[in-house]
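Structure first, then comments.
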Amino acid sequence: MILIDGKATAATIRAELKEEASALIDKVGRVPGLAVILVGDDPASAVYVRSKGKACDELGFKSVTHKIPARTSMQELEKLVDNLNADDTIDGILVQLPLPAGLDSQKILDRIHPDKDVDGFHPQNMGKLTLGLPGFRPCTPAGVMVLMKRYGLSPNGKKAVMAGRSNIVGKPLAMMLAANDPNANATVTMCHSKTPDLKKECLEADFLFLAIGKPKCITADMVKEGAVVLDIGINRIDSGLVGDADFEGMKHKVSAITPVPGGVGPMTIAMLMVNTLYAYKLRNGLPADLAKYGIA
Ligand code: GUN
């Protein structure tokens with residue numbers, strides 16, 4: 001069984017990016033800049049936002065975090081996004097989700113300039129993903145694609161099951177897996193809460209992608225012998241963080257699996273750095289390409 005080490009892979013990617021970026025920074029005379037907007041005081045979101053700032057520091061990028069109260073109005077939030085859209089020192093803008101109740105996430109995401117949309121959540125970038133055109137790709141799905149590539153686990157020609165249909169993970173990852181690309185080319189089934197027989201679908205998967213959000217809900221009897229399991233679930237239980245897969249139960253049955261924590265999670269921030277550098281290249285007229293990282 002191959003244990004897919006996302007923590008180590010993410011560190012390698014950050015080191016590679018640091019080197020790539022430093023040559024560009026010398027040429028352009030300005031560092032890449034990322035602005036993160038954190039609304040309210042959700043503790044998990046605060047942890048993620050801190051990690052994003054730390055990754056920027058490590059790579060020598062500028063990072064600005066706007067922490068604003070949960071009772072902020074849509075108008076104030078829109079004004080902040082407008083200011084960041086107009087700020088030439090900022091290449092990427094990220095609004096940490098979920099937003100507190102009462103704020104319209106999609107309206108805010110739509111307001112981010114598509115060229116600064118490092119989350120890839122703007123309809124224009126989601127459209128480009130669907131059409132197979134170059135553009136920002138959402139960070140967590142991109143991280144999954146890069147992990148598979150780096151471990152030589154190719155879904156090309158294989159049966160993939162995507163459990164989950166969120167805009168952040170399930171939908172974009174299903175599109176990326178089905179893309180006409182040598183690193184993708186999977187036959188994809190998307191499952192969700194109304195799928196009549198999830199076990200039956202999962203048992204057919206050569207590659208199983210889990211983004212359900214229920215601790216250890218996919219058990220060994222639900223996976224095919226020798227399957228590759230990418231667990232994107234992050235569930236907090238009394239004993240700590242666990243994924244959607246019953247890792248201990250299935251680890252001897254699968255051929256490769258990501259642990260939680262230390263699997264897909266750390267890749268998200270590494271991909272945010274990839275996207276921030278991609279935005280910086282686009283905004284400075286430099287050649288920019290995500291395919292070289294293995295992102296379809
Ligand atoms: N919340 C959970 N995942 C993400 C993500 O990838 N981006 C943003 N902005 N918020 C999130």
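How things are named: the first chain in the structure tokens is A, the next is B, and so on; residues count from 1 in each chain; ligands count from 1 in the order shown.
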If the limit is 8 Å from any atom of ligand 1, counting only C-alpha atoms and all ligand atoms, which residues qualify? Return them as a ChimeraX atom specification. /A:45,94-98,119,138-140,168,268
Take the residues from that selection and write them out as an mmCIF file, in the first residue's frame, keeping all heavy atoms.
```cif
data_model
loop_
_atom_site.group_PDB
_atom_site.id
_atom_site.type_symbol
_atom_site.label_atom_id
_atom_site.label_comp_id
_atom_site.auth_asym_id
_atom_site.auth_seq_id
_atom_site.Cartn_x
_atom_site.Cartn_y
_atom_site.Cartn_z
ATOM 1 N N SER A 45 -11.559 28.557 10.194
ATOM 2 C CA SER A 45 -11.195 29.484 9.118
ATOM 3 C C SER A 45 -9.976 30.302 9.506
ATOM 4 O O SER A 45 -9.092 30.543 8.679
ATOM 5 C CB SER A 45 -12.358 30.423 8.803
ATOM 6 O OG SER A 45 -13.395 29.723 8.160
ATOM 7 N N LEU A 94 -8.565 36.264 -2.084
ATOM 8 C CA LEU A 94 -9.274 35.076 -1.620
ATOM 9 C C LEU A 94 -10.234 35.482 -0.505
ATOM 10 O O LEU A 94 -9.828 36.143 0.447
ATOM 11 C CB LEU A 94 -8.259 34.054 -1.100
ATOM 12 C CG LEU A 94 -8.806 32.743 -0.552
ATOM 13 C CD1 LEU A 94 -7.843 31.621 -0.859
ATOM 14 C CD2 LEU A 94 -9.069 32.809 0.948
ATOM 15 N N VAL A 95 -11.479 35.113 -0.652
ATOM 16 C CA VAL A 95 -12.466 35.322 0.411
ATOM 17 C C VAL A 95 -12.673 33.976 1.088
ATOM 18 O O VAL A 95 -13.148 33.016 0.451
ATOM 19 C CB VAL A 95 -13.798 35.856 -0.151
ATOM 20 C CG1 VAL A 95 -14.831 36.004 0.955
ATOM 21 C CG2 VAL A 95 -13.587 37.186 -0.859
ATOM 22 N N GLN A 96 -12.292 33.885 2.347
ATOM 23 C CA GLN A 96 -12.407 32.605 3.052
ATOM 24 C C GLN A 96 -13.880 32.231 3.219
ATOM 25 O O GLN A 96 -14.693 33.034 3.673
ATOM 26 C CB GLN A 96 -11.714 32.693 4.423
ATOM 27 C CG GLN A 96 -11.677 31.385 5.194
ATOM 28 C CD GLN A 96 -10.853 30.294 4.502
ATOM 29 O OE1 GLN A 96 -9.869 30.579 3.823
ATOM 30 N NE2 GLN A 96 -11.268 29.059 4.654
ATOM 31 N N LEU A 97 -14.207 31.009 2.847
ATOM 32 C CA LEU A 97 -15.576 30.493 2.957
ATOM 33 C C LEU A 97 -15.642 29.478 4.095
ATOM 34 O O LEU A 97 -14.632 28.861 4.415
ATOM 35 C CB LEU A 97 -15.985 29.824 1.642
ATOM 36 C CG LEU A 97 -15.949 30.725 0.397
ATOM 37 C CD1 LEU A 97 -16.305 29.918 -0.842
ATOM 38 C CD2 LEU A 97 -16.881 31.915 0.552
ATOM 39 N N PRO A 98 -16.768 29.258 4.709
ATOM 40 C CA PRO A 98 -18.054 29.910 4.444
ATOM 41 C C PRO A 98 -18.109 31.322 5.030
ATOM 42 O O PRO A 98 -17.435 31.598 6.026
ATOM 43 C CB PRO A 98 -19.051 28.988 5.162
ATOM 44 C CG PRO A 98 -18.257 28.366 6.274
ATOM 45 C CD PRO A 98 -16.857 28.238 5.763
ATOM 46 N N ASP A 119 -8.794 31.461 -6.117
ATOM 47 C CA ASP A 119 -9.580 30.299 -5.700
ATOM 48 C C ASP A 119 -10.219 29.596 -6.898
ATOM 49 O O ASP A 119 -10.681 28.458 -6.778
ATOM 50 C CB ASP A 119 -10.704 30.740 -4.751
ATOM 51 C CG ASP A 119 -10.426 30.372 -3.304
ATOM 52 O OD1 ASP A 119 -9.739 29.357 -3.071
ATOM 53 O OD2 ASP A 119 -10.913 31.094 -2.416
ATOM 54 N N PRO A 138 -9.668 25.585 -8.972
ATOM 55 C CA PRO A 138 -9.830 25.564 -7.509
ATOM 56 C C PRO A 138 -8.714 24.758 -6.833
ATOM 57 O O PRO A 138 -8.272 23.719 -7.353
ATOM 58 C CB PRO A 138 -11.211 24.924 -7.333
ATOM 59 C CG PRO A 138 -11.951 25.313 -8.576
ATOM 60 C CD PRO A 138 -10.914 25.234 -9.672
ATOM 61 N N CYS A 139 -8.259 25.257 -5.689
ATOM 62 C CA CYS A 139 -7.007 24.765 -5.087
ATOM 63 C C CYS A 139 -7.077 23.311 -4.617
ATOM 64 O O CYS A 139 -6.123 22.546 -4.835
ATOM 65 C CB CYS A 139 -6.633 25.653 -3.914
ATOM 66 S SG CYS A 139 -6.360 27.361 -4.391
ATOM 67 N N THR A 140 -8.154 22.925 -3.952
ATOM 68 C CA THR A 140 -8.189 21.559 -3.411
ATOM 69 C C THR A 140 -8.241 20.517 -4.525
ATOM 70 O O THR A 140 -7.433 19.570 -4.523
ATOM 71 C CB THR A 140 -9.340 21.399 -2.394
ATOM 72 O OG1 THR A 140 -9.139 22.366 -1.349
ATOM 73 C CG2 THR A 140 -9.372 20.006 -1.802
ATOM 74 N N ILE A 168 -16.861 23.805 -4.340
ATOM 75 C CA ILE A 168 -15.448 23.968 -3.971
ATOM 76 C C ILE A 168 -14.633 22.732 -4.357
ATOM 77 O O ILE A 168 -13.480 22.839 -4.763
ATOM 78 C CB ILE A 168 -15.328 24.251 -2.450
ATOM 79 C CG1 ILE A 168 -15.897 25.632 -2.118
ATOM 80 C CG2 ILE A 168 -13.903 24.129 -1.969
ATOM 81 C CD1 ILE A 168 -15.802 26.006 -0.642
ATOM 82 N N THR A 268 -3.771 22.029 -0.561
ATOM 83 C CA THR A 268 -4.621 23.172 -0.922
ATOM 84 C C THR A 268 -3.829 24.477 -0.867
ATOM 85 O O THR A 268 -3.894 25.290 -1.793
ATOM 86 C CB THR A 268 -5.842 23.236 0.032
ATOM 87 O OG1 THR A 268 -6.590 22.038 -0.125
ATOM 88 C CG2 THR A 268 -6.735 24.421 -0.281
#
```
So which residues touch stretch 193-198 of chain A within 12 Å, counting only C-alpha atoms, skipping near sequence neighbours fewer than 6 positions away, as a list in words?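 In the requested form, the answer reads Val161, Met162, Ala163, Gly164, Arg165, Ser166, Glu204, Ala205, Leu208, Leu210, Ala211, Ile212, Gly213, Lys214, Cys217, Ile218, Thr219, Asp221, Met222 and Val223 of chain A.
Among the candidates A:Gly170, A:Gly226, A:Pro43, A:Gly157, the one nearest to A:Pro141 when counting only C-alpha atoms is A:Gly170.
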Quick one, how far is atom CA of A:Lys7 from atom CA of A:Ser22?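 According to the coordinates, atom CA of A:Lys7 and atom CA of A:Ser22 are separated by 22.6 Å.
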Excluding A:Ala220 and any residue of its chain fewer than 2 positions from it, enumerate the residues within 12 Å of it, using only C-alpha atoms, and give them as a VMD selection string. chain A and resid 199 202 to 203 216 to 218 222 to 227 229 244 to 254
With C-alpha atoms kept, could you save the residues just selected as a PDB file, in the first residue's frame?
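Output below, filename out_26.pdb:
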```
ATOM      1  CA  LYS A 199     -21.818   1.460  -1.860  1.00  0.00           C
ATOM      2  CA  CYS A 202     -17.960   3.108  -4.800  1.00  0.00           C
ATOM      3  CA  LEU A 203     -17.276  -0.600  -5.360  1.00  0.00           C
ATOM      4  CA  LYS A 216     -15.201   7.509   8.423  1.00  0.00           C
ATOM      5  CA  CYS A 217     -18.448   6.988   6.498  1.00  0.00           C
ATOM      6  CA  ILE A 218     -16.781   5.023   3.682  1.00  0.00           C
ATOM      7  CA  MET A 222     -17.434  -0.188   0.137  1.00  0.00           C
ATOM      8  CA  VAL A 223     -14.117  -0.072  -1.740  1.00  0.00           C
ATOM      9  CA  LYS A 224     -12.756  -2.244  -4.530  1.00  0.00           C
ATOM     10  CA  GLU A 225      -9.645  -4.307  -3.821  1.00  0.00           C
ATOM     11  CA  GLY A 226      -6.614  -2.310  -5.004  1.00  0.00           C
ATOM     12  CA  ALA A 227      -8.472   0.993  -5.398  1.00  0.00           C
ATOM     13  CA  VAL A 229      -8.500   6.477  -2.397  1.00  0.00           C
ATOM     14  CA  ASP A 244     -14.436  10.387   5.154  1.00  0.00           C
ATOM     15  CA  ALA A 245     -12.655   7.040   4.776  1.00  0.00           C
ATOM     16  CA  ASP A 246     -12.271   4.477   7.543  1.00  0.00           C
ATOM     17  CA  PHE A 247      -8.511   4.549   6.999  1.00  0.00           C
ATOM     18  CA  GLU A 248      -7.553   1.797   9.450  1.00  0.00           C
ATOM     19  CA  GLY A 249     -10.263  -0.512   8.140  1.00  0.00           C
ATOM     20  CA  MET A 250      -9.320  -0.218   4.469  1.00  0.00           C
ATOM     21  CA  LYS A 251      -5.575   0.392   4.455  1.00  0.00           C
ATOM     22  CA  HIS A 252      -4.745  -3.249   3.651  1.00  0.00           C
ATOM     23  CA  LYS A 253      -7.352  -3.458   0.893  1.00  0.00           C
ATOM     24  CA  VAL A 254      -6.457  -0.378  -1.164  1.00  0.00           C
TER      25      VAL A 254
END
```
Go through A:Lys159, A:Arg14, A:His113, A:Arg137 one by one, measure the shortest atom-to-atom distance of each to A:Ala178 using only C-alpha atoms, and give the residue with the smallest value.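 Closest to A:Ala178, using only C-alpha atoms: A:Lys159.
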DSSP on the backbone, strand (DSSP E or B) only: what residues of stretch 193-296 of chain A does that give? Format it as a list in words.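 Here are the strand (DSSP E or B) residues of stretch 193-296 of chain A: Phe207, Leu208, Phe209, Leu210, Ile218, Val228, Val229, Leu230, Asp231, Asn235, Arg236, Ile237, Gly240, Leu241, Val242, Ala245, Ala256 and Ile257 of chain A.
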Surrounding residues of A:Leu59 excluding itself and chain neighbours under 6 positions, 10 Å, only C-alpha atoms, as a PDB file with all heavy atoms, in the first residue's frame:
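Saved as result-v6.pdb:
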```
ATOM      1  N   ARG A  14       6.272  23.891  -2.512  1.00  0.00           N
ATOM      2  CA  ARG A  14       6.548  25.265  -2.043  1.00  0.00           C
ATOM      3  C   ARG A  14       8.012  25.625  -2.280  1.00  0.00           C
ATOM      4  O   ARG A  14       8.317  26.746  -2.683  1.00  0.00           O
ATOM      5  CB  ARG A  14       6.181  25.409  -0.559  1.00  0.00           C
ATOM      6  CG  ARG A  14       4.687  25.348  -0.275  1.00  0.00           C
ATOM      7  CD  ARG A  14       4.341  25.904   1.108  1.00  0.00           C
ATOM      8  NE  ARG A  14       5.114  25.287   2.166  1.00  0.00           N
ATOM      9  CZ  ARG A  14       4.781  24.178   2.825  1.00  0.00           C
ATOM     10  NH1 ARG A  14       3.648  23.553   2.532  1.00  0.00           N
ATOM     11  NH2 ARG A  14       5.552  23.693   3.768  1.00  0.00           N
ATOM     12  N   ALA A  15       8.910  24.659  -2.061  1.00  0.00           N
ATOM     13  CA  ALA A  15      10.341  24.925  -2.284  1.00  0.00           C
ATOM     14  C   ALA A  15      10.610  25.183  -3.768  1.00  0.00           C
ATOM     15  O   ALA A  15      11.355  26.110  -4.120  1.00  0.00           O
ATOM     16  CB  ALA A  15      11.173  23.750  -1.771  1.00  0.00           C
ATOM     17  N   GLU A  16       9.973  24.402  -4.638  1.00  0.00           N
ATOM     18  CA  GLU A  16      10.137  24.610  -6.089  1.00  0.00           C
ATOM     19  C   GLU A  16       9.594  25.977  -6.511  1.00  0.00           C
ATOM     20  O   GLU A  16      10.201  26.677  -7.314  1.00  0.00           O
ATOM     21  CB  GLU A  16       9.392  23.510  -6.865  1.00  0.00           C
ATOM     22  CG  GLU A  16      10.036  22.131  -6.740  1.00  0.00           C
ATOM     23  CD  GLU A  16       9.156  20.999  -7.301  1.00  0.00           C
ATOM     24  OE1 GLU A  16       8.097  21.291  -7.912  1.00  0.00           O
ATOM     25  OE2 GLU A  16       9.528  19.841  -7.112  1.00  0.00           O
ATOM     26  N   LEU A  17       8.442  26.329  -5.940  1.00  0.00           N
ATOM     27  CA  LEU A  17       7.824  27.620  -6.289  1.00  0.00           C
ATOM     28  C   LEU A  17       8.683  28.785  -5.821  1.00  0.00           C
ATOM     29  O   LEU A  17       8.784  29.807  -6.499  1.00  0.00           O
ATOM     30  CB  LEU A  17       6.452  27.744  -5.625  1.00  0.00           C
ATOM     31  CG  LEU A  17       5.296  26.967  -6.234  1.00  0.00           C
ATOM     32  CD1 LEU A  17       4.080  27.098  -5.344  1.00  0.00           C
ATOM     33  CD2 LEU A  17       4.978  27.477  -7.641  1.00  0.00           C
ATOM     34  N   LYS A  18       9.281  28.620  -4.662  1.00  0.00           N
ATOM     35  CA  LYS A  18      10.109  29.691  -4.111  1.00  0.00           C
ATOM     36  C   LYS A  18      11.255  30.009  -5.066  1.00  0.00           C
ATOM     37  O   LYS A  18      11.557  31.164  -5.350  1.00  0.00           O
ATOM     38  CB  LYS A  18      10.646  29.273  -2.737  1.00  0.00           C
ATOM     39  CG  LYS A  18      11.458  30.357  -2.073  1.00  0.00           C
ATOM     40  CD  LYS A  18      11.878  29.981  -0.679  1.00  0.00           C
ATOM     41  CE  LYS A  18      12.690  31.139  -0.098  1.00  0.00           C
ATOM     42  NZ  LYS A  18      12.992  30.938   1.310  1.00  0.00           N
ATOM     43  N   GLU A  19      11.848  28.932  -5.598  1.00  0.00           N
ATOM     44  CA  GLU A  19      12.952  29.106  -6.528  1.00  0.00           C
ATOM     45  C   GLU A  19      12.470  29.736  -7.844  1.00  0.00           C
ATOM     46  O   GLU A  19      13.080  30.678  -8.355  1.00  0.00           O
ATOM     47  CB  GLU A  19      13.585  27.735  -6.794  1.00  0.00           C
ATOM     48  CG  GLU A  19      14.957  27.814  -7.399  1.00  0.00           C
ATOM     49  CD  GLU A  19      15.645  26.458  -7.401  1.00  0.00           C
ATOM     50  OE1 GLU A  19      15.667  25.799  -6.337  1.00  0.00           O
ATOM     51  OE2 GLU A  19      16.127  26.054  -8.470  1.00  0.00           O
ATOM     52  N   GLU A  20      11.361  29.214  -8.360  1.00  0.00           N
ATOM     53  CA  GLU A  20      10.800  29.754  -9.600  1.00  0.00           C
ATOM     54  C   GLU A  20      10.433  31.231  -9.424  1.00  0.00           C
ATOM     55  O   GLU A  20      10.726  32.062 -10.291  1.00  0.00           O
ATOM     56  CB  GLU A  20       9.546  28.940  -9.986  1.00  0.00           C
ATOM     57  CG  GLU A  20       8.988  29.319 -11.336  1.00  0.00           C
ATOM     58  CD  GLU A  20       7.638  28.665 -11.660  1.00  0.00           C
ATOM     59  OE1 GLU A  20       7.178  27.789 -10.892  1.00  0.00           O
ATOM     60  OE2 GLU A  20       7.054  29.051 -12.681  1.00  0.00           O
ATOM     61  N   ALA A  21       9.818  31.554  -8.280  1.00  0.00           N
ATOM     62  CA  ALA A  21       9.358  32.925  -8.042  1.00  0.00           C
ATOM     63  C   ALA A  21      10.532  33.884  -7.889  1.00  0.00           C
ATOM     64  O   ALA A  21      10.479  35.012  -8.380  1.00  0.00           O
ATOM     65  CB  ALA A  21       8.457  32.972  -6.807  1.00  0.00           C
ATOM     66  N   SER A  22      11.593  33.430  -7.242  1.00  0.00           N
ATOM     67  CA  SER A  22      12.665  34.380  -6.930  1.00  0.00           C
ATOM     68  C   SER A  22      13.321  34.906  -8.212  1.00  0.00           C
ATOM     69  O   SER A  22      13.668  36.081  -8.302  1.00  0.00           O
ATOM     70  CB  SER A  22      13.668  33.787  -5.942  1.00  0.00           C
ATOM     71  OG  SER A  22      14.656  33.085  -6.626  1.00  0.00           O
ATOM     72  N   VAL A  31       7.215  41.768  -5.601  1.00  0.00           N
ATOM     73  CA  VAL A  31       6.878  40.407  -5.179  1.00  0.00           C
ATOM     74  C   VAL A  31       5.395  40.128  -5.457  1.00  0.00           C
ATOM     75  O   VAL A  31       4.581  41.055  -5.493  1.00  0.00           O
ATOM     76  CB  VAL A  31       7.181  40.171  -3.667  1.00  0.00           C
ATOM     77  CG1 VAL A  31       8.660  40.376  -3.377  1.00  0.00           C
ATOM     78  CG2 VAL A  31       6.321  41.052  -2.777  1.00  0.00           C
ATOM     79  N   PRO A  32       5.029  38.855  -5.649  1.00  0.00           N
ATOM     80  CA  PRO A  32       3.609  38.517  -5.770  1.00  0.00           C
ATOM     81  C   PRO A  32       2.865  38.863  -4.477  1.00  0.00           C
ATOM     82  O   PRO A  32       3.435  38.745  -3.390  1.00  0.00           O
ATOM     83  CB  PRO A  32       3.614  37.002  -5.997  1.00  0.00           C
ATOM     84  CG  PRO A  32       4.993  36.672  -6.487  1.00  0.00           C
ATOM     85  CD  PRO A  32       5.890  37.664  -5.807  1.00  0.00           C
ATOM     86  N   MET A 273      -0.585  28.907  -3.595  1.00  0.00           N
ATOM     87  CA  MET A 273       0.665  29.576  -3.950  1.00  0.00           C
ATOM     88  C   MET A 273       0.938  29.446  -5.453  1.00  0.00           C
ATOM     89  O   MET A 273       1.390  30.386  -6.088  1.00  0.00           O
ATOM     90  CB  MET A 273       1.840  29.003  -3.129  1.00  0.00           C
ATOM     91  CG  MET A 273       1.705  29.170  -1.624  1.00  0.00           C
ATOM     92  SD  MET A 273       1.668  30.914  -1.097  1.00  0.00           S
ATOM     93  CE  MET A 273      -0.044  31.077  -0.635  1.00  0.00           C
TER      94      MET A 273
END
```
Determine the nearest neighbour of A:Gly60 from the options A:Leu131, A:Arg111, A:Thr72, A:Ala23, counting only C-alpha atoms. A:Ala23
What is the distance between atom CA of A:Arg30 and atom CA of A:Asp289, in Å to one decimal? 20.2 Å
Select, from A:Gly285, A:Pro155, A:Gly92, A:Pro114, the residue with the minimum atom-to-atom distance to A:Ala174, counting only C-alpha atoms.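 Between A:Gly285, A:Pro155, A:Gly92, A:Pro114, the residue approaching A:Ala174 most closely is A:Pro155.
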